[in-house]
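Here the structure is laid out as structure tokens; the discussion comes afterwards.
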Amino acid sequence: MTPSRKERQGRLASRAVQATFLIVLIVLWYLATTRWRVSPLLLPNPVTVLHNFWDILRTGEFIGDLRVTLTELAAAFAIAATSGVTVGYLISRSQYRIRVFEPLFAGIYSIPIILFLPLYVLFFGLGPASKIALGATISFFPIALNTIAGFGYVDKTFVVAARSMGASDYQLFRHVLMPAALPIILSGMRIGFTVALLSIIGSETIASLAGLGHRIVHLAEGMEIARMFAYIVFVVFIAMILNTCVSVLEARGKRF
Amino acid sequence: MALRRAMRRPWVARLAVIALLFCLWEIAARWFVDPMFLSPPSRVFMSLPAVFETRGVPAALRLTFWELAVAFALSVVIGLVVGLAVGLQPFARKSFMPIILLLYGTPQVTILPLFILYFGIGPASKIAFGVSHGFFPIIVVIVAGVQNIKPILLTSARSMGASRWLVLRHVIFPHMIPSFFAGMRLGMTGVLLGVLLAELYVSTAGIGHFTTLFTQNFDPTRLLGLISVLAAMAIVLNEIVRRAEVHFGRWHAD
């Protein structure tokens, strides 16, 4: 279906509004730092920030911190995904267990688990271990909850039909349960990935020795505000790239 | 026999699971783990009065509660106003929703130091950071709620001669109530996260000062006590908005 001319014009107009909004924002930022003399300690000049940004990319000084953060993220997500799917699957095998554990998990998930960061620091120290443990804990819950929802609420008729046609346990799992549950589990994994990323950067910001969050705080404390802005832009870009990758993987997995 | 029959009820079993976890914690802390790092729940519970007697702790808790309340109220107001302004106009929705979703998707923790820089280490920065987490989900849910109103209802109200205000008052508002409360719940989750993150980040005053102090002094009893009080606060606030959502969401059935 090709969009009508009016629709296309409408889309063009809203794109124009978006572009104008961005341009106005940047122009205001520029004017604030040049004309209106906002202190560069509060708001650095956008051009300076851009220079710093290129400098960070060119010298490659981000690599160390990026590696720390990504390693923590990968470890935390791997732990959360395996344990979340396993625990979720085991719980989903009986209605009774679902009714016992699902509200429990949902209740814990609604508490801001970042509160327990001081405990994790006490147990695991300031290094990557405390971030991995916290990130794994936080992202465990959405993955487990979605796995329970995925396996637990498969339409009974399909299961009965497959059984009556003589499907074995494996065949039932492979051809009925898995295809029904996979999209929901993948959504849970995407949410888990996002919250793991957030909590890892957050805990690096609060208490750590290395990593991107630590770098931003370090620059803030050293009053190198332009550099800090550049790092914030960098981290936002990284987060966007990671989230896009995960969404693409999720979409591809659902098609399979 | 009676026990087995009782265990068949999910909530009894759920309580049993929680009790079992506490028992394991008690046993681990009493006999297996260094008391520098973990203390048993019984001792944590007994030390709650001591936590409240620590100079500055009650004031910090009260302040945190106020920050949560103010941040939540501001998030709801801003979220509602922006959500309606963006949601009611198809053009505004198409133009601004992508920007809002983009901002919502960026990790706001990265700009936490900026909030402290602009608003200082007092309550203002924590409220602002809480609001920045709280109002995006409310906007998104409100916009979705407005969008889901059946066009036929709007058309028929208009064709019967309802003014803009009357349509808003009698068609849009009643239909928005369930999504409004759903948004409030998500907003509360965001506000709790934002305010507590900022509280933990600032280690020179408030809750963050005491968690840092207790951690550095290897005083897990009081650390756990303080965290439990905050967790209880979060649970109660979450439960209030969740009850409200269940109560007002059920009314809507068509």
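Please note that chains go A, B, ... in the order of the structure tokens, that every chain numbers its residues from 1, and that ligands are numbered from 1 in the order shown.
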
Taking only C-alpha atoms into account, which residues of chain B are within 8 Å of chain A, as number ranges by chain?
-> B: 10-11, 13-14, 37, 91-92, 94-96, 99, 105-107, 109-111, 113-114, 117-118, 189, 192-193, 196-197, 200-201, 211-212, 215, 218, 220, 223-224, 227, 230-231, 234-235, 238

Print the selection's residues with N, CA and C atoms to a file, as a compact mmCIF listing (two decimals), in the first residue's frame.
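Writing the result to selection.txt gives the following:
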# COMPACT_ATOMS: atom_id res chain seq x y z
N PRO B 10 -2.02 -21.31 47.67
CA PRO B 10 -0.78 -20.67 47.21
C PRO B 10 -0.22 -19.64 48.18
N TRP B 11 -1.11 -18.85 48.81
CA TRP B 11 -0.53 -17.79 49.64
C TRP B 11 0.13 -18.34 50.88
N ALA B 13 1.71 -21.23 50.98
CA ALA B 13 2.99 -21.74 50.49
C ALA B 13 3.96 -20.59 50.25
N ARG B 14 3.42 -19.47 49.76
CA ARG B 14 4.27 -18.31 49.48
C ARG B 14 4.89 -17.80 50.78
N PHE B 37 30.27 -9.02 57.59
CA PHE B 37 29.60 -8.81 56.31
C PHE B 37 28.10 -9.03 56.35
N PHE B 91 -1.22 15.41 15.03
CA PHE B 91 0.01 15.96 14.47
C PHE B 91 1.09 16.08 15.55
N ALA B 92 0.69 16.60 16.71
CA ALA B 92 1.66 16.74 17.80
C ALA B 92 2.18 15.37 18.21
N LYS B 94 2.47 12.65 16.31
CA LYS B 94 3.42 12.13 15.33
C LYS B 94 4.75 12.87 15.40
N SER B 95 4.69 14.17 15.74
CA SER B 95 5.94 14.94 15.76
C SER B 95 6.75 14.67 17.02
N PHE B 96 6.07 14.69 18.17
CA PHE B 96 6.82 14.69 19.42
C PHE B 96 6.99 13.33 20.07
N ILE B 99 10.44 11.85 19.71
CA ILE B 99 11.43 12.51 20.56
C ILE B 99 11.30 12.03 22.00
N GLY B 105 14.19 6.30 26.21
CA GLY B 105 15.06 5.14 26.02
C GLY B 105 16.51 5.37 26.41
N THR B 106 16.92 6.63 26.59
CA THR B 106 18.33 6.85 26.93
C THR B 106 18.55 6.59 28.42
N PRO B 107 19.69 6.04 28.78
CA PRO B 107 19.95 5.77 30.19
C PRO B 107 20.21 7.06 30.95
N VAL B 109 20.81 7.51 34.07
CA VAL B 109 21.83 7.49 35.12
C VAL B 109 23.08 8.22 34.69
N THR B 110 23.35 8.23 33.37
CA THR B 110 24.59 8.88 32.92
C THR B 110 24.59 10.37 33.25
N ILE B 111 23.39 10.99 33.34
CA ILE B 111 23.39 12.43 33.60
C ILE B 111 23.13 12.75 35.08
N PRO B 113 25.30 12.96 37.55
CA PRO B 113 26.21 14.01 38.04
C PRO B 113 25.78 15.41 37.62
N LEU B 114 25.16 15.52 36.42
CA LEU B 114 24.70 16.83 35.97
C LEU B 114 23.60 17.38 36.88
N LEU B 117 25.14 18.73 39.82
CA LEU B 117 25.83 19.98 39.47
C LEU B 117 24.83 21.15 39.41
N TYR B 118 23.67 20.93 38.81
CA TYR B 118 22.71 22.01 38.64
C TYR B 118 21.89 22.28 39.89
N THR B 189 7.25 3.54 40.12
CA THR B 189 8.46 2.72 40.00
C THR B 189 9.64 3.60 39.59
N LEU B 192 10.72 6.07 42.44
CA LEU B 192 11.47 5.37 43.49
C LEU B 192 12.90 5.14 43.03
N LEU B 193 13.05 4.65 41.78
CA LEU B 193 14.39 4.39 41.25
C LEU B 193 15.21 5.67 41.22
N LEU B 196 15.99 7.21 44.82
CA LEU B 196 16.90 6.39 45.62
C LEU B 196 18.30 6.35 45.00
N LEU B 197 18.37 6.31 43.65
CA LEU B 197 19.68 6.38 42.99
C LEU B 197 20.41 7.65 43.40
N LEU B 200 21.54 7.55 47.00
CA LEU B 200 22.72 6.72 47.22
C LEU B 200 23.98 7.37 46.66
N TYR B 201 23.80 8.12 45.54
CA TYR B 201 24.96 8.71 44.87
C TYR B 201 25.61 9.79 45.74
N THR B 211 24.49 4.97 54.32
CA THR B 211 24.86 3.67 53.74
C THR B 211 26.38 3.59 53.57
N THR B 212 27.00 4.69 53.12
CA THR B 212 28.46 4.68 52.97
C THR B 212 29.13 4.48 54.32
N THR B 215 28.69 0.94 55.57
CA THR B 215 29.49 0.01 54.78
C THR B 215 30.96 0.11 55.18
N PHE B 218 31.89 -1.51 58.40
CA PHE B 218 31.53 -2.93 58.46
C PHE B 218 30.47 -3.16 59.53
N PRO B 220 27.04 -4.33 59.21
CA PRO B 220 25.94 -4.82 58.36
C PRO B 220 24.58 -4.76 59.06
N LEU B 223 23.24 -1.30 58.50
CA LEU B 223 23.05 -1.12 57.05
C LEU B 223 21.79 -1.85 56.59
N LEU B 224 21.66 -3.11 57.02
CA LEU B 224 20.48 -3.89 56.64
C LEU B 224 19.21 -3.28 57.21
N ILE B 227 18.33 -0.26 55.08
CA ILE B 227 17.84 -0.67 53.76
C ILE B 227 16.44 -1.28 53.88
N LEU B 230 13.86 1.40 54.09
CA LEU B 230 13.61 2.01 52.78
C LEU B 230 12.84 1.08 51.87
N ALA B 231 13.19 -0.22 51.92
CA ALA B 231 12.48 -1.18 51.08
C ALA B 231 11.01 -1.25 51.49
N ALA B 234 9.25 1.63 50.04
CA ALA B 234 9.01 1.43 48.60
C ALA B 234 7.85 0.46 48.39
N ILE B 235 7.81 -0.61 49.19
CA ILE B 235 6.74 -1.61 49.03
C ILE B 235 5.39 -0.98 49.31
N ASN B 238 4.42 1.40 46.47
CA ASN B 238 4.05 0.62 45.29
C ASN B 238 2.69 0.00 45.45

Just the residues within 12 Å of Arg62 (chain B), please, counting only C-alpha atoms, with nothing from its chain fewer than 4 positions along; format it as a ChimeraX atom specification.
-> /B:52,56-58,66-69,123,206-207,229-230,233

Put those residues in a file: N, CA and C atoms, as an mmCIF file, in the first residue's frame.
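Once written, part-v3.cif looks like this:
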data_model
loop_
_atom_site.group_PDB
_atom_site.id
_atom_site.type_symbol
_atom_site.label_atom_id
_atom_site.label_comp_id
_atom_site.auth_asym_id
_atom_site.auth_seq_id
_atom_site.Cartn_x
_atom_site.Cartn_y
_atom_site.Cartn_z
ATOM 1 N N PHE B 52 17.084 3.942 64.281
ATOM 2 C CA PHE B 52 16.343 5.194 64.369
ATOM 3 C C PHE B 52 16.972 6.150 65.370
ATOM 4 N N GLY B 56 20.506 11.731 62.921
ATOM 5 C CA GLY B 56 20.377 12.115 61.517
ATOM 6 C C GLY B 56 19.584 11.140 60.685
ATOM 7 N N VAL B 57 19.485 9.876 61.115
ATOM 8 C CA VAL B 57 18.787 8.888 60.291
ATOM 9 C C VAL B 57 17.287 9.185 60.161
ATOM 10 N N PRO B 58 16.578 9.465 61.290
ATOM 11 C CA PRO B 58 15.135 9.744 61.117
ATOM 12 C C PRO B 58 14.895 10.933 60.195
ATOM 13 N N TRP B 66 9.596 12.700 51.748
ATOM 14 C CA TRP B 66 9.061 13.925 51.146
ATOM 15 C C TRP B 66 9.525 14.085 49.711
ATOM 16 N N GLU B 67 10.803 13.739 49.477
ATOM 17 C CA GLU B 67 11.311 13.825 48.102
ATOM 18 C C GLU B 67 10.506 12.914 47.186
ATOM 19 N N LEU B 68 10.221 11.693 47.676
ATOM 20 C CA LEU B 68 9.432 10.757 46.872
ATOM 21 C C LEU B 68 8.051 11.331 46.582
ATOM 22 N N ALA B 69 7.411 11.885 47.632
ATOM 23 C CA ALA B 69 6.049 12.392 47.464
ATOM 24 C C ALA B 69 6.024 13.554 46.473
ATOM 25 N N PRO B 123 17.715 18.321 48.578
ATOM 26 C CA PRO B 123 16.556 17.584 48.059
ATOM 27 C C PRO B 123 16.210 17.923 46.610
ATOM 28 N N GLY B 206 22.253 12.798 53.752
ATOM 29 C CA GLY B 206 21.081 11.956 53.514
ATOM 30 C C GLY B 206 21.378 10.464 53.626
ATOM 31 N N ILE B 207 20.533 9.669 52.952
ATOM 32 C CA ILE B 207 20.631 8.212 53.043
ATOM 33 C C ILE B 207 22.003 7.726 52.580
ATOM 34 N N VAL B 229 14.139 -0.560 56.063
ATOM 35 C CA VAL B 229 13.143 0.496 56.252
ATOM 36 C C VAL B 229 12.806 1.134 54.911
ATOM 37 N N LEU B 230 13.857 1.402 54.092
ATOM 38 C CA LEU B 230 13.613 2.014 52.782
ATOM 39 C C LEU B 230 12.838 1.077 51.872
ATOM 40 N N MET B 233 9.304 1.168 52.798
ATOM 41 C CA MET B 233 8.688 2.394 52.280
ATOM 42 C C MET B 233 8.323 2.204 50.802
#

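The nearest approach to Gly79 (chain B) among the residues B:Val167, B:Ala232, B:Ala182, B:Ile139, with only C-alpha atoms taken into account, belongs to B:Ile139.
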
Taking the DSSP assignment computed from this structure's backbone, write out as an NGL selection string all residues of region 130-175 of chain B that belong to helix (DSSP H, G or I).
-> :B and (130-147 or 151-159 or 164-175)

Write out as a ChimeraX atom specification which residues come within 9 Å of His175 (chain B) when counting only C-alpha atoms, dropping same-chain ones fewer than 6 positions away.
-> /B:145-146,148-149,252

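Take the candidates B:Ile240, B:Val44, B:Met184, B:Ala19 and check each one against Leu74 (chain B) using only C-alpha atoms; the shortest distance goes to B:Met184.
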